[in-house]
Amino acid sequence: MASTDPSAGPLDLSEPDPHLSQRVAAAYDRAHRSEFTDAVVGPAVELLAEIAAGGAAVEFAVGTGRIALPLSAVGVEVHGIDFSEPMLAELRGKVGAERIDIAVGDMTTTRVCSDASLVYLVFNTITNLRAQAQQVECFRNAAAHLAPGGRFVIENDVPILRNLPPGETLHPFDVSAEHLGFDEYVDYVNQISISRHYFINGDRVRVSAGAFRYVWPSELDLMAQIAGMELESRWADWHRAPFTGESRSHVSVWRKP
C-alpha cells in the first residue's frame, strides 16, 4: 500500500495540534463518519438541549459542527469556539452554519458571553489540552461563560491503563477494513498518550497522529471545584446509563452554584 504521509514517529508536545491542518480538517467528517450517525448524535443533542433548558449554549472546540448544527436546529442558541480556522471553514460551508455564532479562539481563554445555560465539550476534546494547567483553565473559562445555575458538560473516555499488561504501551481502539486506531501511552507521569490513526482507502493509507493528555473523572471533578463548580451527574453515555468501575467513557455534568 502507498502512504499519503510519512510514518508518524514519536511526537514532541511542541508540535501543533493536527486539527490545525487543512488536510486533517477536510478529511475530518469522513474519517469520523461513525460519530456523525443519528444513533450517536441524536442522544447527545437530546440531552444537551434538555440541560440548556431554553438558554444559550457554548460549544468549546466546535470543529465542523457535528453537535452544534443539530443542536441549533432544535432551537438552542449555540455559540461555537475553535482555534482551528480550517475546521471552522468546513463548518461555515454547511447548511445551517448561519445559525451558529462562531468565534476563532482558544477554549481556555476566549469568552463569547457570560450568561449561558450550558457549556459543553465532547468527543474527548478536553485531552487536546496537553497540560493539566490548561485543562484547569478550560474549566475556569467554562464557569466564566455560565450564568448562576448553568452547567458544564464533558464527554470523555476513561483511560484504559489497567487493561495494559506490564511493559505494554499500545491499546487498539478501532480495527476495521478502513481504519486502524491505536493509543500509545508514552508518558505516565504527565499523562500523555499518542493517538495513531491509519485511514485505509483502497491501496492508499493516510497516517495521522496527535498527542493528548488523558485525564481521570475524579481529576476533572477537582478541576471543577477549582473553577467553583460541583458535580451534579455522571453517566456512562448519553443515554444516562449508570457510570460504574467498568465504564469505558463518561458524560459528566458540573453545575455553577
# chains A, B, ... in the order shown; residues from 1 in each chain; ligands from 1
>>> residues_around(residues="Met229 (chain A)", least_positions_apart="6", cutoff="12 Å", atoms="only C-alpha atoms", output="number ranges by chain")
A: 136, 139-144, 146-153, 220-223, 253-257
>>> write_last_selection(atoms="N, CA and C atoms", output="CSV table (one decimal), in the first residue's frame")
chain,number,residue,atom,x,y,z
A,136,VAL,N,-7.3,22.9,33.6
A,136,VAL,CA,-7.9,23.7,34.7
A,136,VAL,C,-8.4,25.0,34.1
A,139,PHE,N,-11.8,24.7,32.5
A,139,PHE,CA,-12.9,24.7,33.4
A,139,PHE,C,-13.2,26.1,33.9
A,140,ARG,N,-12.2,26.9,34.2
A,140,ARG,CA,-12.4,28.3,34.6
A,140,ARG,C,-13.1,29.1,33.6
A,141,ASN,N,-12.7,28.9,32.3
A,141,ASN,CA,-13.4,29.6,31.2
A,141,ASN,C,-14.8,29.2,31.0
A,142,ALA,N,-15.1,27.9,31.2
A,142,ALA,CA,-16.5,27.4,31.2
A,142,ALA,C,-17.3,28.1,32.2
A,143,ALA,N,-16.8,28.1,33.5
A,143,ALA,CA,-17.5,28.8,34.6
A,143,ALA,C,-17.8,30.2,34.3
A,144,ALA,N,-16.8,30.9,33.7
A,144,ALA,CA,-17.0,32.3,33.3
A,144,ALA,C,-18.1,32.6,32.3
A,146,LEU,N,-20.9,30.8,32.2
A,146,LEU,CA,-22.1,30.3,32.7
A,146,LEU,C,-22.8,31.3,33.6
A,147,ALA,N,-24.1,31.4,33.5
A,147,ALA,CA,-25.0,32.1,34.4
A,147,ALA,C,-25.1,31.3,35.7
A,148,PRO,N,-25.4,31.8,36.8
A,148,PRO,CA,-25.6,31.0,38.0
A,148,PRO,C,-26.6,29.9,37.8
A,149,GLY,N,-26.2,28.7,38.2
A,149,GLY,CA,-27.1,27.5,37.9
A,149,GLY,C,-26.8,26.9,36.6
A,150,GLY,N,-25.9,27.5,35.8
A,150,GLY,CA,-25.6,26.9,34.5
A,150,GLY,C,-24.7,25.6,34.6
A,151,ARG,N,-24.6,24.9,33.6
A,151,ARG,CA,-23.9,23.6,33.6
A,151,ARG,C,-22.8,23.4,32.6
A,152,PHE,N,-21.7,22.7,33.0
A,152,PHE,CA,-20.6,22.4,32.1
A,152,PHE,C,-20.7,20.9,31.9
A,153,VAL,N,-20.7,20.5,30.6
A,153,VAL,CA,-20.8,19.0,30.3
A,153,VAL,C,-19.6,18.6,29.5
A,220,LEU,N,-11.1,15.5,36.9
A,220,LEU,CA,-11.9,16.5,36.3
A,220,LEU,C,-12.8,17.2,37.4
A,221,ASP,N,-13.2,16.3,38.4
A,221,ASP,CA,-14.0,16.9,39.5
A,221,ASP,C,-13.3,17.9,40.3
A,222,LEU,N,-12.0,17.7,40.5
A,222,LEU,CA,-11.1,18.6,41.2
A,222,LEU,C,-11.0,19.9,40.4
A,223,MET,N,-10.8,19.8,39.1
A,223,MET,CA,-10.8,21.0,38.3
A,223,MET,C,-12.0,21.8,38.3
A,253,VAL,N,-21.6,16.1,34.3
A,253,VAL,CA,-22.3,17.4,34.4
A,253,VAL,C,-21.9,18.1,35.7
A,254,TRP,N,-21.3,19.3,35.6
A,254,TRP,CA,-21.0,20.1,36.7
A,254,TRP,C,-21.8,21.4,36.7
A,255,ARG,N,-22.2,21.8,37.9
A,255,ARG,CA,-23.1,22.9,38.0
A,255,ARG,C,-22.5,24.1,38.7
A,256,LYS,N,-22.7,25.3,38.1
A,256,LYS,CA,-22.2,26.5,38.8
A,256,LYS,C,-23.3,27.0,39.8
A,257,PRO,N,-22.9,27.1,41.0
A,257,PRO,CA,-23.9,27.4,42.1
A,257,PRO,C,-24.6,28.8,41.7
>>> select_by_dssp(residues="region 49-231 of chain A", states="alpha helix (DSSP H)", output="PyMOL selection string")
chain A and resi 49-52+68-73+85-92+132-145+217-226
>>> residues_around(residues="region 50-67 of chain A", least_positions_apart="3", cutoff="7 Å", atoms="only C-alpha atoms", output="PyMOL selection string")
chain A and resi 36+41+45-47+70-71+76-82+87-88+90-91+107+116-121
>>> residues_around(residues="region 168-183 of chain A", least_positions_apart="4", cutoff="12 Å", atoms="only C-alpha atoms", output="PDB file with N, CA and C atoms, in the first residue's frame")
ATOM      1  N   ARG A  30     -15.302  12.623   7.129  1.00  0.00           N
ATOM      2  CA  ARG A  30     -15.230  11.298   6.518  1.00  0.00           C
ATOM      3  C   ARG A  30     -14.499  10.308   7.428  1.00  0.00           C
ATOM      4  N   ALA A  31     -13.412  10.781   8.052  1.00  0.00           N
ATOM      5  CA  ALA A  31     -12.623   9.904   8.921  1.00  0.00           C
ATOM      6  C   ALA A  31     -13.406   9.479  10.161  1.00  0.00           C
ATOM      7  N   HIS A  32     -14.320  10.342  10.616  1.00  0.00           N
ATOM      8  CA  HIS A  32     -15.084  10.059  11.837  1.00  0.00           C
ATOM      9  C   HIS A  32     -16.570   9.885  11.541  1.00  0.00           C
ATOM     10  N   ARG A  33     -16.875   9.369  10.375  1.00  0.00           N
ATOM     11  CA  ARG A  33     -18.284   9.333   9.960  1.00  0.00           C
ATOM     12  C   ARG A  33     -19.160   8.516  10.894  1.00  0.00           C
ATOM     13  N   SER A  34     -18.594   7.541  11.591  1.00  0.00           N
ATOM     14  CA  SER A  34     -19.412   6.771  12.531  1.00  0.00           C
ATOM     15  C   SER A  34     -19.928   7.640  13.673  1.00  0.00           C
ATOM     16  N   ASP A 157     -13.472   9.666  27.308  1.00  0.00           N
ATOM     17  CA  ASP A 157     -13.151   8.275  27.614  1.00  0.00           C
ATOM     18  C   ASP A 157     -12.504   8.170  28.986  1.00  0.00           C
ATOM     19  N   PRO A 159      -9.415   6.460  30.860  1.00  0.00           N
ATOM     20  CA  PRO A 159      -8.154   5.811  30.490  1.00  0.00           C
ATOM     21  C   PRO A 159      -8.187   4.315  30.777  1.00  0.00           C
ATOM     22  N   ILE A 160      -7.573   3.536  29.882  1.00  0.00           N
ATOM     23  CA  ILE A 160      -7.668   2.076  29.982  1.00  0.00           C
ATOM     24  C   ILE A 160      -6.361   1.450  30.489  1.00  0.00           C
ATOM     25  N   LEU A 161      -5.613   2.179  31.293  1.00  0.00           N
ATOM     26  CA  LEU A 161      -4.295   1.710  31.712  1.00  0.00           C
ATOM     27  C   LEU A 161      -4.342   0.359  32.412  1.00  0.00           C
ATOM     28  N   ARG A 162      -5.389   0.096  33.169  1.00  0.00           N
ATOM     29  CA  ARG A 162      -5.435  -1.165  33.915  1.00  0.00           C
ATOM     30  C   ARG A 162      -5.565  -2.368  32.980  1.00  0.00           C
ATOM     31  N   ASN A 163      -5.948  -2.132  31.725  1.00  0.00           N
ATOM     32  CA  ASN A 163      -6.075  -3.226  30.765  1.00  0.00           C
ATOM     33  C   ASN A 163      -4.759  -3.549  30.063  1.00  0.00           C
ATOM     34  N   LEU A 164      -3.730  -2.726  30.277  1.00  0.00           N
ATOM     35  CA  LEU A 164      -2.449  -2.953  29.620  1.00  0.00           C
ATOM     36  C   LEU A 164      -1.583  -3.889  30.456  1.00  0.00           C
ATOM     37  N   ASP A 187       3.895   8.632  28.338  1.00  0.00           N
ATOM     38  CA  ASP A 187       4.386   9.384  29.499  1.00  0.00           C
ATOM     39  C   ASP A 187       3.366   9.240  30.621  1.00  0.00           C
ATOM     40  N   TYR A 188       3.649   8.325  31.555  1.00  0.00           N
ATOM     41  CA  TYR A 188       2.711   8.086  32.643  1.00  0.00           C
ATOM     42  C   TYR A 188       2.750   9.182  33.699  1.00  0.00           C
ATOM     43  N   ILE A 192       0.479  11.563  29.134  1.00  0.00           N
ATOM     44  CA  ILE A 192       0.474  11.842  27.708  1.00  0.00           C
ATOM     45  C   ILE A 192       0.340  10.543  26.925  1.00  0.00           C
ATOM     46  N   SER A 193      -0.572  10.546  25.979  1.00  0.00           N
ATOM     47  CA  SER A 193      -0.708   9.434  25.045  1.00  0.00           C
ATOM     48  C   SER A 193      -0.672   9.987  23.628  1.00  0.00           C
ATOM     49  N   ILE A 194      -0.356   9.112  22.692  1.00  0.00           N
ATOM     50  CA  ILE A 194      -0.384   9.468  21.276  1.00  0.00           C
ATOM     51  C   ILE A 194      -1.454   8.627  20.606  1.00  0.00           C
ATOM     52  N   SER A 195      -2.366   9.274  19.938  1.00  0.00           N
ATOM     53  CA  SER A 195      -3.408   8.583  19.198  1.00  0.00           C
ATOM     54  C   SER A 195      -2.946   8.435  17.754  1.00  0.00           C
ATOM     55  N   ARG A 196      -2.758   7.195  17.334  1.00  0.00           N
ATOM     56  CA  ARG A 196      -2.237   6.917  15.991  1.00  0.00           C
ATOM     57  C   ARG A 196      -3.356   6.339  15.121  1.00  0.00           C
ATOM     58  N   HIS A 197      -3.494   6.909  13.925  1.00  0.00           N
ATOM     59  CA  HIS A 197      -4.565   6.507  13.016  1.00  0.00           C
ATOM     60  C   HIS A 197      -3.984   6.145  11.650  1.00  0.00           C
ATOM     61  N   TYR A 198      -4.550   5.086  11.066  1.00  0.00           N
ATOM     62  CA  TYR A 198      -4.199   4.669   9.716  1.00  0.00           C
ATOM     63  C   TYR A 198      -5.509   4.518   8.960  1.00  0.00           C
ATOM     64  N   PHE A 199      -5.808   5.499   8.102  1.00  0.00           N
ATOM     65  CA  PHE A 199      -7.048   5.511   7.348  1.00  0.00           C
ATOM     66  C   PHE A 199      -6.789   4.861   5.986  1.00  0.00           C
ATOM     67  N   ILE A 200      -7.488   3.772   5.708  1.00  0.00           N
ATOM     68  CA  ILE A 200      -7.228   2.942   4.533  1.00  0.00           C
ATOM     69  C   ILE A 200      -8.268   3.225   3.463  1.00  0.00           C
ATOM     70  N   ASN A 201      -7.789   3.560   2.264  1.00  0.00           N
ATOM     71  CA  ASN A 201      -8.661   3.831   1.119  1.00  0.00           C
ATOM     72  C   ASN A 201      -8.082   3.114  -0.087  1.00  0.00           C
ATOM     73  N   GLY A 202      -8.577   1.908  -0.340  1.00  0.00           N
ATOM     74  CA  GLY A 202      -8.023   1.113  -1.431  1.00  0.00           C
ATOM     75  C   GLY A 202      -6.584   0.728  -1.134  1.00  0.00           C
ATOM     76  N   ASP A 203      -5.673   1.147  -2.032  1.00  0.00           N
ATOM     77  CA  ASP A 203      -4.265   0.824  -1.842  1.00  0.00           C
ATOM     78  C   ASP A 203      -3.482   1.984  -1.240  1.00  0.00           C
ATOM     79  N   ARG A 204      -4.204   2.953  -0.699  1.00  0.00           N
ATOM     80  CA  ARG A 204      -3.554   4.101  -0.092  1.00  0.00           C
ATOM     81  C   ARG A 204      -3.896   4.184   1.390  1.00  0.00           C
ATOM     82  N   VAL A 205      -2.954   4.696   2.168  1.00  0.00           N
ATOM     83  CA  VAL A 205      -3.137   4.836   3.608  1.00  0.00           C
ATOM     84  C   VAL A 205      -2.765   6.253   4.018  1.00  0.00           C
ATOM     85  N   ARG A 206      -3.681   6.912   4.727  1.00  0.00           N
ATOM     86  CA  ARG A 206      -3.361   8.223   5.290  1.00  0.00           C
ATOM     87  C   ARG A 206      -3.033   8.039   6.759  1.00  0.00           C
ATOM     88  N   VAL A 207      -1.843   8.498   7.138  1.00  0.00           N
ATOM     89  CA  VAL A 207      -1.357   8.325   8.500  1.00  0.00           C
ATOM     90  C   VAL A 207      -1.523   9.631   9.264  1.00  0.00           C
ATOM     91  N   SER A 208      -2.052   9.531  10.488  1.00  0.00           N
ATOM     92  CA  SER A 208      -2.230  10.721  11.321  1.00  0.00           C
ATOM     93  C   SER A 208      -1.918  10.353  12.765  1.00  0.00           C
ATOM     94  N   ALA A 209      -1.353  11.298  13.500  1.00  0.00           N
ATOM     95  CA  ALA A 209      -1.058  11.060  14.914  1.00  0.00           C
ATOM     96  C   ALA A 209      -1.128  12.374  15.669  1.00  0.00           C
ATOM     97  N   GLY A 210      -1.573  12.302  16.913  1.00  0.00           N
ATOM     98  CA  GLY A 210      -1.658  13.501  17.745  1.00  0.00           C
ATOM     99  C   GLY A 210      -1.410  13.158  19.197  1.00  0.00           C
ATOM    100  N   ALA A 211      -0.794  14.079  19.915  1.00  0.00           N
ATOM    101  CA  ALA A 211      -0.517  13.891  21.337  1.00  0.00           C
ATOM    102  C   ALA A 211      -1.655  14.480  22.166  1.00  0.00           C
ATOM    103  N   PHE A 212      -2.018  13.781  23.245  1.00  0.00           N
ATOM    104  CA  PHE A 212      -3.127  14.188  24.095  1.00  0.00           C
ATOM    105  C   PHE A 212      -2.773  13.948  25.565  1.00  0.00           C
ATOM    106  N   ARG A 213      -3.433  14.686  26.457  1.00  0.00           N
ATOM    107  CA  ARG A 213      -3.260  14.436  27.895  1.00  0.00           C
ATOM    108  C   ARG A 213      -4.511  13.748  28.419  1.00  0.00           C
ATOM    109  N   TYR A 214      -4.392  12.455  28.708  1.00  0.00           N
ATOM    110  CA  TYR A 214      -5.544  11.745  29.254  1.00  0.00           C
ATOM    111  C   TYR A 214      -5.790  12.175  30.694  1.00  0.00           C
ATOM    112  N   ARG A 248     -16.297   2.567  30.142  1.00  0.00           N
ATOM    113  CA  ARG A 248     -15.178   2.959  29.294  1.00  0.00           C
ATOM    114  C   ARG A 248     -15.224   4.431  28.915  1.00  0.00           C
TER     115      ARG A 248
END
>>> select_by_dssp(residues="region 23-255 of chain A", states="strand (DSSP E or B)", output="PyMOL selection string")
chain A and resi 57-60+78-82+101-104+116-121+146-157+170-175+179-187+192-201+204-213+230-235+242+249-255
>>> decode(residues="region 72-84 of chain A", atoms="N, CA and C atoms", output="short mmCIF file (atom, residue, chain, number, x, y, z; two decimals), in the first residue's frame")
data_model
loop_
_atom_site.label_atom_id
_atom_site.label_comp_id
_atom_site.auth_asym_id
_atom_site.auth_seq_id
_atom_site.Cartn_x
_atom_site.Cartn_y
_atom_site.Cartn_z
N SER A 72 -28.50 23.42 17.23
CA SER A 72 -29.12 24.69 16.83
C SER A 72 -30.40 24.45 16.05
N ALA A 73 -30.47 23.31 15.34
CA ALA A 73 -31.66 23.00 14.55
C ALA A 73 -32.87 22.72 15.41
N VAL A 74 -32.66 22.33 16.68
CA VAL A 74 -33.81 22.09 17.57
C VAL A 74 -34.13 23.33 18.40
N GLY A 75 -33.53 24.46 18.05
CA GLY A 75 -33.91 25.73 18.67
C GLY A 75 -32.99 26.26 19.74
N VAL A 76 -31.87 25.60 20.00
CA VAL A 76 -30.94 26.10 21.01
C VAL A 76 -30.02 27.15 20.39
N GLU A 77 -29.85 28.27 21.06
CA GLU A 77 -28.90 29.29 20.62
C GLU A 77 -27.50 28.78 20.92
N VAL A 78 -26.69 28.59 19.87
CA VAL A 78 -25.37 27.98 20.04
C VAL A 78 -24.26 28.94 19.64
N HIS A 79 -23.30 29.11 20.52
CA HIS A 79 -22.05 29.81 20.23
C HIS A 79 -20.96 28.75 20.12
N GLY A 80 -20.12 28.85 19.09
CA GLY A 80 -19.07 27.87 18.91
C GLY A 80 -17.70 28.50 18.91
N ILE A 81 -16.77 27.93 19.68
CA ILE A 81 -15.39 28.42 19.75
C ILE A 81 -14.46 27.33 19.24
N ASP A 82 -13.52 27.70 18.38
CA ASP A 82 -12.49 26.76 17.94
C ASP A 82 -11.28 27.54 17.49
N PHE A 83 -10.09 26.99 17.73
CA PHE A 83 -8.87 27.70 17.33
C PHE A 83 -8.37 27.26 15.96
N SER A 84 -9.06 26.32 15.32
CA SER A 84 -8.64 25.84 14.01
C SER A 84 -9.47 26.50 12.91
#
